[in-house]
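Text of entry32.cif, listed as mmCIF, C-alpha atoms:
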data_work
loop_
_atom_site.group_PDB
_atom_site.id
_atom_site.type_symbol
_atom_site.label_atom_id
_atom_site.label_comp_id
_atom_site.auth_asym_id
_atom_site.auth_seq_id
_atom_site.Cartn_x
_atom_site.Cartn_y
_atom_site.Cartn_z
ATOM 1 C CA MET A 19 71.080 -24.814 115.758
ATOM 2 C CA GLY A 20 71.587 -27.442 113.124
ATOM 3 C CA ILE A 21 74.526 -29.648 112.304
ATOM 4 C CA ILE A 22 75.558 -30.118 108.711
ATOM 5 C CA ILE A 23 77.015 -33.437 107.638
ATOM 6 C CA ASP A 24 78.582 -34.030 104.261
ATOM 7 C CA TYR A 25 77.402 -37.123 102.415
ATOM 8 C CA SER A 26 80.019 -39.870 102.498
ATOM 9 C CA PRO A 27 81.347 -41.837 99.543
ATOM 10 C CA LEU A 28 80.963 -45.593 100.005
ATOM 11 C CA PRO A 29 83.423 -48.419 99.389
ATOM 12 C CA GLY A 30 82.571 -50.194 96.143
ATOM 13 C CA LEU A 31 80.825 -47.162 94.721
ATOM 14 C CA GLU A 32 83.742 -44.777 94.351
ATOM 15 C CA LYS A 33 83.416 -44.549 90.570
ATOM 16 C CA THR A 34 79.670 -44.026 90.529
ATOM 17 C CA GLY A 35 79.529 -40.784 92.435
ATOM 18 C CA VAL A 36 76.976 -42.287 94.795
ATOM 19 C CA LEU A 37 77.160 -40.743 98.252
ATOM 20 C CA ALA A 38 75.233 -41.584 101.401
ATOM 21 C CA PRO A 39 73.979 -39.614 104.414
ATOM 22 C CA MET A 40 75.726 -41.113 107.439
ATOM 23 C CA ILE A 41 75.378 -40.007 111.049
ATOM 24 C CA PRO A 42 77.333 -40.874 114.200
ATOM 25 C CA VAL A 43 75.234 -42.474 116.919
ATOM 26 C CA THR A 44 75.863 -43.992 120.333
ATOM 27 C CA PHE A 45 73.543 -46.677 121.675
ATOM 28 C CA LYS A 46 73.205 -47.558 125.342
ATOM 29 C CA HIS A 47 71.605 -50.665 126.761
ATOM 30 C CA GLY A 48 72.037 -50.976 130.502
ATOM 31 C CA ARG A 49 75.721 -50.459 131.189
ATOM 32 C CA TYR A 50 76.717 -51.398 127.665
ATOM 33 C CA GLU A 51 77.517 -48.727 125.117
ATOM 34 C CA PHE A 52 78.336 -48.861 121.426
ATOM 35 C CA SER A 53 79.076 -46.085 118.962
ATOM 36 C CA THR A 54 78.817 -46.454 115.212
ATOM 37 C CA ILE A 55 77.995 -44.548 112.063
ATOM 38 C CA ALA A 56 74.464 -45.133 110.780
ATOM 39 C CA LEU A 57 72.825 -44.646 107.427
ATOM 40 C CA VAL A 58 70.048 -42.064 107.545
ATOM 41 C CA ASP A 59 67.290 -43.646 105.485
ATOM 42 C CA SER A 60 64.092 -41.682 104.873
ATOM 43 C CA GLY A 61 62.638 -44.755 103.174
ATOM 44 C CA ALA A 62 62.986 -46.932 106.243
ATOM 45 C CA GLU A 63 60.065 -46.960 108.667
ATOM 46 C CA ALA A 64 62.155 -48.088 111.603
ATOM 47 C CA GLY A 65 65.771 -48.299 112.568
ATOM 48 C CA ILE A 66 67.775 -51.481 112.485
ATOM 49 C CA ILE A 67 70.971 -52.845 113.940
ATOM 50 C CA SER A 68 72.744 -56.077 113.155
ATOM 51 C CA THR A 69 72.916 -58.992 115.574
ATOM 52 C CA VAL A 70 76.648 -58.297 115.974
ATOM 53 C CA ILE A 71 75.921 -54.828 117.314
ATOM 54 C CA ALA A 72 73.087 -56.206 119.456
ATOM 55 C CA ASP A 73 75.498 -58.717 120.992
ATOM 56 C CA LYS A 74 77.911 -55.876 121.762
ATOM 57 C CA LEU A 75 75.106 -54.103 123.599
ATOM 58 C CA ASN A 76 74.335 -57.310 125.502
ATOM 59 C CA ILE A 77 70.833 -57.422 124.042
ATOM 60 C CA LYS A 78 69.453 -60.929 124.461
ATOM 61 C CA TRP A 79 67.778 -60.725 121.092
ATOM 62 C CA ARG A 80 67.370 -64.491 120.732
ATOM 63 C CA LYS A 81 64.953 -64.366 123.650
ATOM 64 C CA ILE A 82 62.832 -61.683 121.983
ATOM 65 C CA PRO A 83 60.162 -63.256 119.755
ATOM 66 C CA ALA A 84 61.050 -62.785 116.103
ATOM 67 C CA LYS A 85 58.765 -60.923 113.742
ATOM 68 C CA SER A 86 58.795 -61.056 109.999
ATOM 69 C CA GLY A 87 59.485 -57.970 107.940
ATOM 70 C CA PHE A 88 60.107 -57.277 104.316
ATOM 71 C CA SER A 89 62.178 -54.971 102.207
ATOM 72 C CA ILE A 90 62.082 -54.420 98.476
ATOM 73 C CA GLY A 91 63.930 -57.628 97.733
ATOM 74 C CA SER A 92 63.350 -60.109 100.504
ATOM 75 C CA ASN A 93 61.868 -60.979 103.851
ATOM 76 C CA PHE A 94 63.802 -60.882 107.078
ATOM 77 C CA LEU A 95 63.410 -61.696 110.751
ATOM 78 C CA PHE A 96 63.713 -58.991 113.349
ATOM 79 C CA HIS A 97 63.539 -58.621 117.110
ATOM 80 C CA PRO A 98 62.303 -55.228 118.402
ATOM 81 C CA VAL A 99 63.998 -53.751 121.461
ATOM 82 C CA ASN A 100 64.026 -50.409 123.266
ATOM 83 C CA ILE A 101 67.408 -48.789 123.711
ATOM 84 C CA THR A 102 68.770 -45.353 124.475
ATOM 85 C CA SER A 103 70.606 -43.459 121.796
ATOM 86 C CA THR A 104 72.678 -40.321 121.700
ATOM 87 C CA ILE A 105 73.190 -38.220 118.608
ATOM 88 C CA PHE A 106 75.057 -34.934 118.967
ATOM 89 C CA ASP A 107 74.352 -34.771 122.713
ATOM 90 C CA HIS A 108 70.656 -35.438 122.217
ATOM 91 C CA ASN A 109 69.498 -38.477 124.172
ATOM 92 C CA PHE A 110 66.343 -40.367 123.394
ATOM 93 C CA THR A 111 64.849 -43.814 123.675
ATOM 94 C CA LEU A 112 64.017 -45.592 120.489
ATOM 95 C CA LYS A 113 62.575 -48.900 119.473
ATOM 96 C CA ILE A 114 65.114 -50.454 117.180
ATOM 97 C CA ASN A 115 64.960 -53.762 115.378
ATOM 98 C CA VAL A 116 67.698 -56.333 115.628
ATOM 99 C CA VAL A 117 67.720 -57.866 112.162
ATOM 100 C CA GLU A 118 69.174 -61.272 111.420
ATOM 101 C CA GLY A 119 71.466 -61.786 108.490
ATOM 102 C CA ILE A 120 71.886 -58.242 107.249
ATOM 103 C CA PHE A 121 75.030 -57.216 105.447
ATOM 104 C CA ALA A 122 76.552 -53.996 104.192
ATOM 105 C CA PHE A 123 74.957 -51.395 106.464
ATOM 106 C CA LYS A 124 74.876 -52.682 110.026
ATOM 107 C CA CYS A 125 72.886 -49.770 111.368
ATOM 108 C CA ILE A 126 70.133 -47.718 109.755
ATOM 109 C CA LEU A 127 68.043 -44.988 111.327
ATOM 110 C CA GLY A 128 64.632 -44.330 109.856
ATOM 111 C CA ARG A 129 61.490 -42.285 110.127
ATOM 112 C CA ARG A 130 60.202 -43.675 113.419
ATOM 113 C CA ASP A 131 63.312 -42.745 115.348
ATOM 114 C CA LEU A 132 65.591 -40.004 114.078
ATOM 115 C CA PHE A 133 62.990 -38.305 111.894
ATOM 116 C CA LYS A 134 60.591 -37.880 114.810
ATOM 117 C CA ARG A 135 63.278 -36.250 116.897
ATOM 118 C CA ALA A 136 64.847 -33.929 114.408
ATOM 119 C CA LYS A 137 64.217 -32.027 111.251
ATOM 120 C CA ILE A 138 66.330 -33.617 108.555
ATOM 121 C CA CYS A 139 66.999 -31.465 105.540
ATOM 122 C CA PHE A 140 68.607 -33.303 102.637
ATOM 123 C CA GLU A 141 70.435 -31.010 100.262
ATOM 124 C CA GLY A 142 71.512 -33.373 97.495
ATOM 125 C CA TYR A 143 72.695 -30.511 95.310
ATOM 126 C CA LYS A 144 75.256 -29.727 98.021
ATOM 127 C CA ASN A 145 75.968 -33.369 98.901
ATOM 128 C CA GLN A 146 75.099 -32.725 102.500
ATOM 129 C CA PHE A 147 72.239 -32.826 104.975
ATOM 130 C CA GLU A 148 71.335 -30.857 108.047
ATOM 131 C CA VAL A 149 70.038 -32.221 111.333
ATOM 132 C CA ILE A 150 68.090 -29.861 113.565
ATOM 133 C CA PHE A 151 66.883 -31.466 116.774
ATOM 134 C CA ARG A 152 63.540 -30.453 118.196
ATOM 135 C CA GLU A 153 63.708 -28.723 121.555
ATOM 136 C CA LEU A 154 61.521 -30.818 123.835
ATOM 137 C CA ASN A 155 61.016 -29.566 127.377
ATOM 138 C CA MET B 158 77.160 -23.809 112.319
ATOM 139 C CA LYS B 159 78.879 -27.095 113.016
ATOM 140 C CA GLN B 160 79.836 -29.132 109.958
ATOM 141 C CA ILE B 161 81.011 -32.725 109.954
ATOM 142 C CA LYS B 162 82.778 -34.617 107.199
ATOM 143 C CA ILE B 163 82.776 -38.402 107.181
ATOM 144 C CA ASN B 164 84.627 -39.996 104.273
ATOM 145 C CA LEU B 165 84.270 -43.745 104.648
ATOM 146 C CA VAL B 166 86.219 -44.508 101.472
ATOM 147 C CA LYS B 167 89.238 -42.598 102.711
ATOM 148 C CA LEU B 168 88.957 -44.031 106.218
ATOM 149 C CA LEU B 169 88.500 -47.665 105.206
ATOM 150 C CA LYS B 170 90.986 -47.741 102.341
ATOM 151 C CA GLY B 171 93.520 -50.532 102.746
ATOM 152 C CA TYR B 172 91.745 -52.287 105.587
ATOM 153 C CA LYS B 173 90.925 -55.972 105.292
ATOM 154 C CA PRO B 174 87.462 -57.277 106.143
ATOM 155 C CA GLY B 175 86.692 -56.790 109.806
ATOM 156 C CA TRP B 176 85.821 -53.809 111.939
ATOM 157 C CA VAL B 177 87.598 -50.517 112.431
ATOM 158 C CA GLY B 178 87.401 -48.066 115.314
ATOM 159 C CA ILE B 179 87.226 -44.493 114.068
ATOM 160 C CA SER B 180 88.279 -41.372 115.982
ATOM 161 C CA PRO B 181 85.556 -38.971 117.163
ATOM 162 C CA ASP B 182 86.591 -36.368 114.607
ATOM 163 C CA PHE B 183 86.168 -39.037 111.892
ATOM 164 C CA LYS B 184 89.625 -38.353 110.469
ATOM 165 C CA LYS B 185 91.505 -41.530 111.304
ATOM 166 C CA VAL B 186 91.186 -45.186 112.108
ATOM 167 C CA LEU B 187 92.405 -45.975 115.622
ATOM 168 C CA VAL B 188 92.061 -49.757 115.621
ATOM 169 C CA TRP B 189 91.276 -52.632 113.304
ATOM 170 C CA GLY B 190 90.124 -56.093 114.264
ATOM 171 C CA LYS B 191 89.135 -59.187 112.361
ATOM 172 C CA THR B 192 85.918 -59.205 114.368
ATOM 173 C CA LEU B 193 84.065 -56.539 116.300
ATOM 174 C CA ASP B 194 85.189 -58.180 119.540
ATOM 175 C CA HIS B 195 88.831 -57.949 118.455
ATOM 176 C CA ALA B 196 88.441 -54.297 117.528
ATOM 177 C CA THR B 197 86.745 -53.342 120.796
ATOM 178 C CA GLN B 198 89.388 -55.193 122.800
ATOM 179 C CA LYS B 199 92.149 -53.273 121.030
ATOM 180 C CA ALA B 200 90.355 -50.011 121.746
ATOM 181 C CA ARG B 201 90.017 -50.612 125.489
ATOM 182 C CA LYS B 202 92.913 -48.336 126.379
ATOM 183 C CA ILE B 203 91.717 -45.506 124.158
ATOM 184 C CA LYS B 204 90.033 -42.881 126.280
ATOM 185 C CA GLU B 205 88.261 -40.950 123.546
ATOM 186 C CA LYS B 206 85.033 -42.188 121.990
ATOM 187 C CA VAL B 207 85.521 -44.774 119.255
ATOM 188 C CA TYR B 208 83.002 -45.229 116.446
ATOM 189 C CA TYR B 209 83.001 -48.767 115.083
ATOM 190 C CA PHE B 210 82.274 -49.499 111.451
ATOM 191 C CA PRO B 211 82.673 -52.615 109.294
ATOM 192 C CA ALA B 212 85.667 -52.649 106.951
ATOM 193 C CA GLY B 213 86.004 -54.601 103.740
ATOM 194 C CA GLU B 214 82.326 -54.338 102.849
ATOM 195 C CA SER B 215 81.209 -53.350 99.381
ATOM 196 C CA TYR B 216 78.035 -51.321 99.210
ATOM 197 C CA SER B 217 77.580 -51.711 95.473
ATOM 198 C CA ASN B 218 74.710 -54.167 95.877
ATOM 199 C CA PHE B 219 72.812 -52.287 98.551
ATOM 200 C CA VAL B 220 69.239 -52.107 97.368
ATOM 201 C CA GLY B 221 68.809 -48.398 97.962
ATOM 202 C CA ILE B 222 71.556 -47.553 95.553
ATOM 203 C CA THR B 223 71.927 -50.603 93.338
ATOM 204 C CA PHE B 224 70.423 -48.859 90.368
ATOM 205 C CA TYR B 225 73.368 -46.515 90.150
ATOM 206 C CA GLY B 226 75.968 -49.254 89.989
ATOM 207 C CA ASN B 227 77.834 -49.789 86.733
ATOM 208 C CA ASN B 228 76.545 -53.338 86.348
ATOM 209 C CA ASN B 229 73.068 -52.797 87.637
ATOM 210 C CA ARG B 230 71.472 -50.202 85.406
ATOM 211 C CA LEU B 231 67.757 -50.565 84.814
#
Same coordinates, now as structure tokens:
Amino acid sequence: MGIIIDYSPLPGLEKTGVLAPMIPVTFKHGRYEFSTIALVDSGAEAGIISTVIADKLNIKWRKIPAKSGFSIGSNFLFHPVNITSTIFDHNFTLKINVVEGIFAFKCILGRRDLFKRAKICFEGYKNQFEVIFRELN
Amino acid sequence: MKQIKINLVKLLKGYKPGWVGISPDFKKVLVWGKTLDHATQKARKIKEKVYYFPAGESYSNFVGITFYGNNNRL
């Protein structure tokens, strides 16, 4: 059974009518746990978290060799790491990238993580999206 | 079918830059801290799950949605 989530308005964009698909997620790394609300981004290949969140999860990201990535406007450095995540009682391991110097969204889930685990149905005309997790035995 | 509403504008309204801890039903802010460490420390005694989110950010320049901003039309 799916879960429907209404798109959220965003600070700074109240007058534009722009809304964003946001999803609650809990990350676990060893005995450290951190829950946040992530942007669901179908244009992102992989998920990202900020260094602040990585620190909270006790991820020694400075010791992980940095790789260079790019987005539409700039390049960035990232450190890939495997962590466990929980979304609506569904647990799975994902490779997430700790990105240096990001602002605004501190956590984004993309195609390689959430989209491989669940069917995501965006219904922009209703300002909502539905998440239906695959049943994997 | 379960339906969830998350209204970040309503939740974050009035909070200075920092981090907030949001209740698991996404209806109220439980704690605010100038840094994430401050916010998590304040939330230590809270037994329910707390979802942390940055406060005081403006998303108007985020690249995925910049084109819709009042000052950023193509």
Item to complete: Take the PyMOL selection byres ((chain A) within 6 of (chain B)), apply it to the structure above, and return the hits as a PyMOL selection string.
Response: chain A and resi 21-24+26-31+53-54+122
Using the chain letters and numbers from the file, give me the residues hit by the PyMOL selection byres ((chain A and resi 106-108) around 9), as an mmCIF file with C-alpha atoms, keeping the file's coordinate frame.
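Result written to out-v4.cif:
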data_model
loop_
_atom_site.group_PDB
_atom_site.id
_atom_site.type_symbol
_atom_site.label_atom_id
_atom_site.label_comp_id
_atom_site.auth_asym_id
_atom_site.auth_seq_id
_atom_site.Cartn_x
_atom_site.Cartn_y
_atom_site.Cartn_z
ATOM 1 C CA ILE A 21 74.526 -29.648 112.304
ATOM 2 C CA PRO A 42 77.333 -40.874 114.200
ATOM 3 C CA VAL A 43 75.234 -42.474 116.919
ATOM 4 C CA SER A 103 70.606 -43.459 121.796
ATOM 5 C CA THR A 104 72.678 -40.321 121.700
ATOM 6 C CA ILE A 105 73.190 -38.220 118.608
ATOM 7 C CA ASN A 109 69.498 -38.477 124.172
ATOM 8 C CA PHE A 110 66.343 -40.367 123.394
ATOM 9 C CA PHE A 151 66.883 -31.466 116.774
#
Determine the axis-aligned bounding box of all atoms of segment 57-74 of chain A present in the file, pad each side by 5 Å, and express its centre and edge lengths in Å to one decimal place as JSON.
{"center_x": 69.0, "center_y": -50.3, "center_z": 112.5, "size_x": 27.8, "size_y": 27.3, "size_z": 28.6}
Worksheet entry | Answer key for the PyMOL selection byres ((chain A and resi 141-148) around 8), residues as a PyMOL selection string | chain A and resi 20-25+37+39+137-140+149-150
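Separating atom CA of Glu205 of chain B from atom CA of Leu75 of chain A is a distance of 18.6 Å.
Put simply, atom CA of Ile101 of chain A is 5.5 Å away from atom CA of His47 of chain A.
Taking all atoms listed in the file into account, Arg129 of chain A lies nearest to A:Leu112 out of the set A:Leu112, A:Ile82, A:Met40, A:Ile71.
Distance-wise, atom CA of Arg130 of chain A and atom CA of Phe94 of chain A end up 18.7 Å apart.
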Please produce segment 121-147 of chain A, completed to N, CA and C atoms, as a short mmCIF file (atom, residue, chain, number, x, y, z; two decimals), in the frame of the given file.
data_model
loop_
_atom_site.label_atom_id
_atom_site.label_comp_id
_atom_site.auth_asym_id
_atom_site.auth_seq_id
_atom_site.Cartn_x
_atom_site.Cartn_y
_atom_site.Cartn_z
N PHE A 121 73.64 -57.51 105.79
CA PHE A 121 75.03 -57.22 105.45
C PHE A 121 75.10 -55.78 104.96
N ALA A 122 76.28 -55.39 104.56
CA ALA A 122 76.55 -54.00 104.19
C ALA A 122 76.25 -53.11 105.40
N PHE A 123 75.22 -52.29 105.35
CA PHE A 123 74.96 -51.40 106.46
C PHE A 123 74.51 -52.19 107.69
N LYS A 124 75.21 -51.96 108.79
CA LYS A 124 74.88 -52.68 110.03
C LYS A 124 73.96 -51.86 110.93
N CYS A 125 73.75 -50.63 110.56
CA CYS A 125 72.89 -49.77 111.37
C CYS A 125 72.22 -48.74 110.46
N ILE A 126 70.90 -48.68 110.55
CA ILE A 126 70.13 -47.72 109.76
C ILE A 126 69.15 -47.03 110.68
N LEU A 127 69.04 -45.73 110.57
CA LEU A 127 68.04 -44.99 111.33
C LEU A 127 66.97 -44.49 110.37
N GLY A 128 65.72 -44.66 110.77
CA GLY A 128 64.63 -44.33 109.86
C GLY A 128 63.65 -43.31 110.41
N ARG A 129 62.46 -43.33 109.84
CA ARG A 129 61.49 -42.28 110.13
C ARG A 129 60.96 -42.34 111.55
N ARG A 130 60.84 -43.56 112.11
CA ARG A 130 60.20 -43.68 113.42
C ARG A 130 61.12 -43.23 114.56
N ASP A 131 62.41 -43.14 114.28
CA ASP A 131 63.31 -42.74 115.35
C ASP A 131 63.91 -41.36 115.12
N LEU A 132 64.90 -41.28 114.28
CA LEU A 132 65.59 -40.00 114.08
C LEU A 132 64.66 -38.92 113.52
N PHE A 133 63.81 -39.30 112.57
CA PHE A 133 62.99 -38.30 111.89
C PHE A 133 61.89 -37.73 112.79
N LYS A 134 61.58 -38.43 113.88
CA LYS A 134 60.59 -37.88 114.81
C LYS A 134 61.25 -36.99 115.85
N ARG A 135 62.54 -37.03 115.91
CA ARG A 135 63.28 -36.25 116.90
C ARG A 135 63.91 -35.01 116.31
N ALA A 136 64.11 -35.03 115.02
CA ALA A 136 64.85 -33.93 114.41
C ALA A 136 64.33 -33.63 113.01
N LYS A 137 64.50 -32.40 112.63
CA LYS A 137 64.22 -32.03 111.25
C LYS A 137 65.45 -32.41 110.43
N ILE A 138 65.22 -33.18 109.40
CA ILE A 138 66.33 -33.62 108.56
C ILE A 138 66.15 -32.96 107.19
N CYS A 139 67.10 -32.18 106.81
CA CYS A 139 67.00 -31.46 105.54
C CYS A 139 68.07 -31.99 104.58
N PHE A 140 67.66 -32.77 103.62
CA PHE A 140 68.61 -33.30 102.64
C PHE A 140 68.85 -32.25 101.55
N GLU A 141 70.09 -31.96 101.32
CA GLU A 141 70.44 -31.01 100.26
C GLU A 141 71.36 -31.73 99.28
N GLY A 142 70.74 -32.55 98.42
CA GLY A 142 71.51 -33.37 97.50
C GLY A 142 72.37 -32.56 96.55
N TYR A 143 71.92 -31.36 96.22
CA TYR A 143 72.69 -30.51 95.31
C TYR A 143 73.98 -30.01 95.97
N LYS A 144 74.03 -30.11 97.30
CA LYS A 144 75.26 -29.73 98.02
C LYS A 144 76.00 -30.94 98.56
N ASN A 145 75.42 -32.13 98.34
CA ASN A 145 75.97 -33.37 98.90
C ASN A 145 76.11 -33.31 100.42
N GLN A 146 75.09 -32.81 101.04
CA GLN A 146 75.10 -32.72 102.50
C GLN A 146 73.67 -32.71 103.03
N PHE A 147 73.55 -32.95 104.34
CA PHE A 147 72.24 -32.83 104.98
C PHE A 147 72.40 -32.15 106.33
#
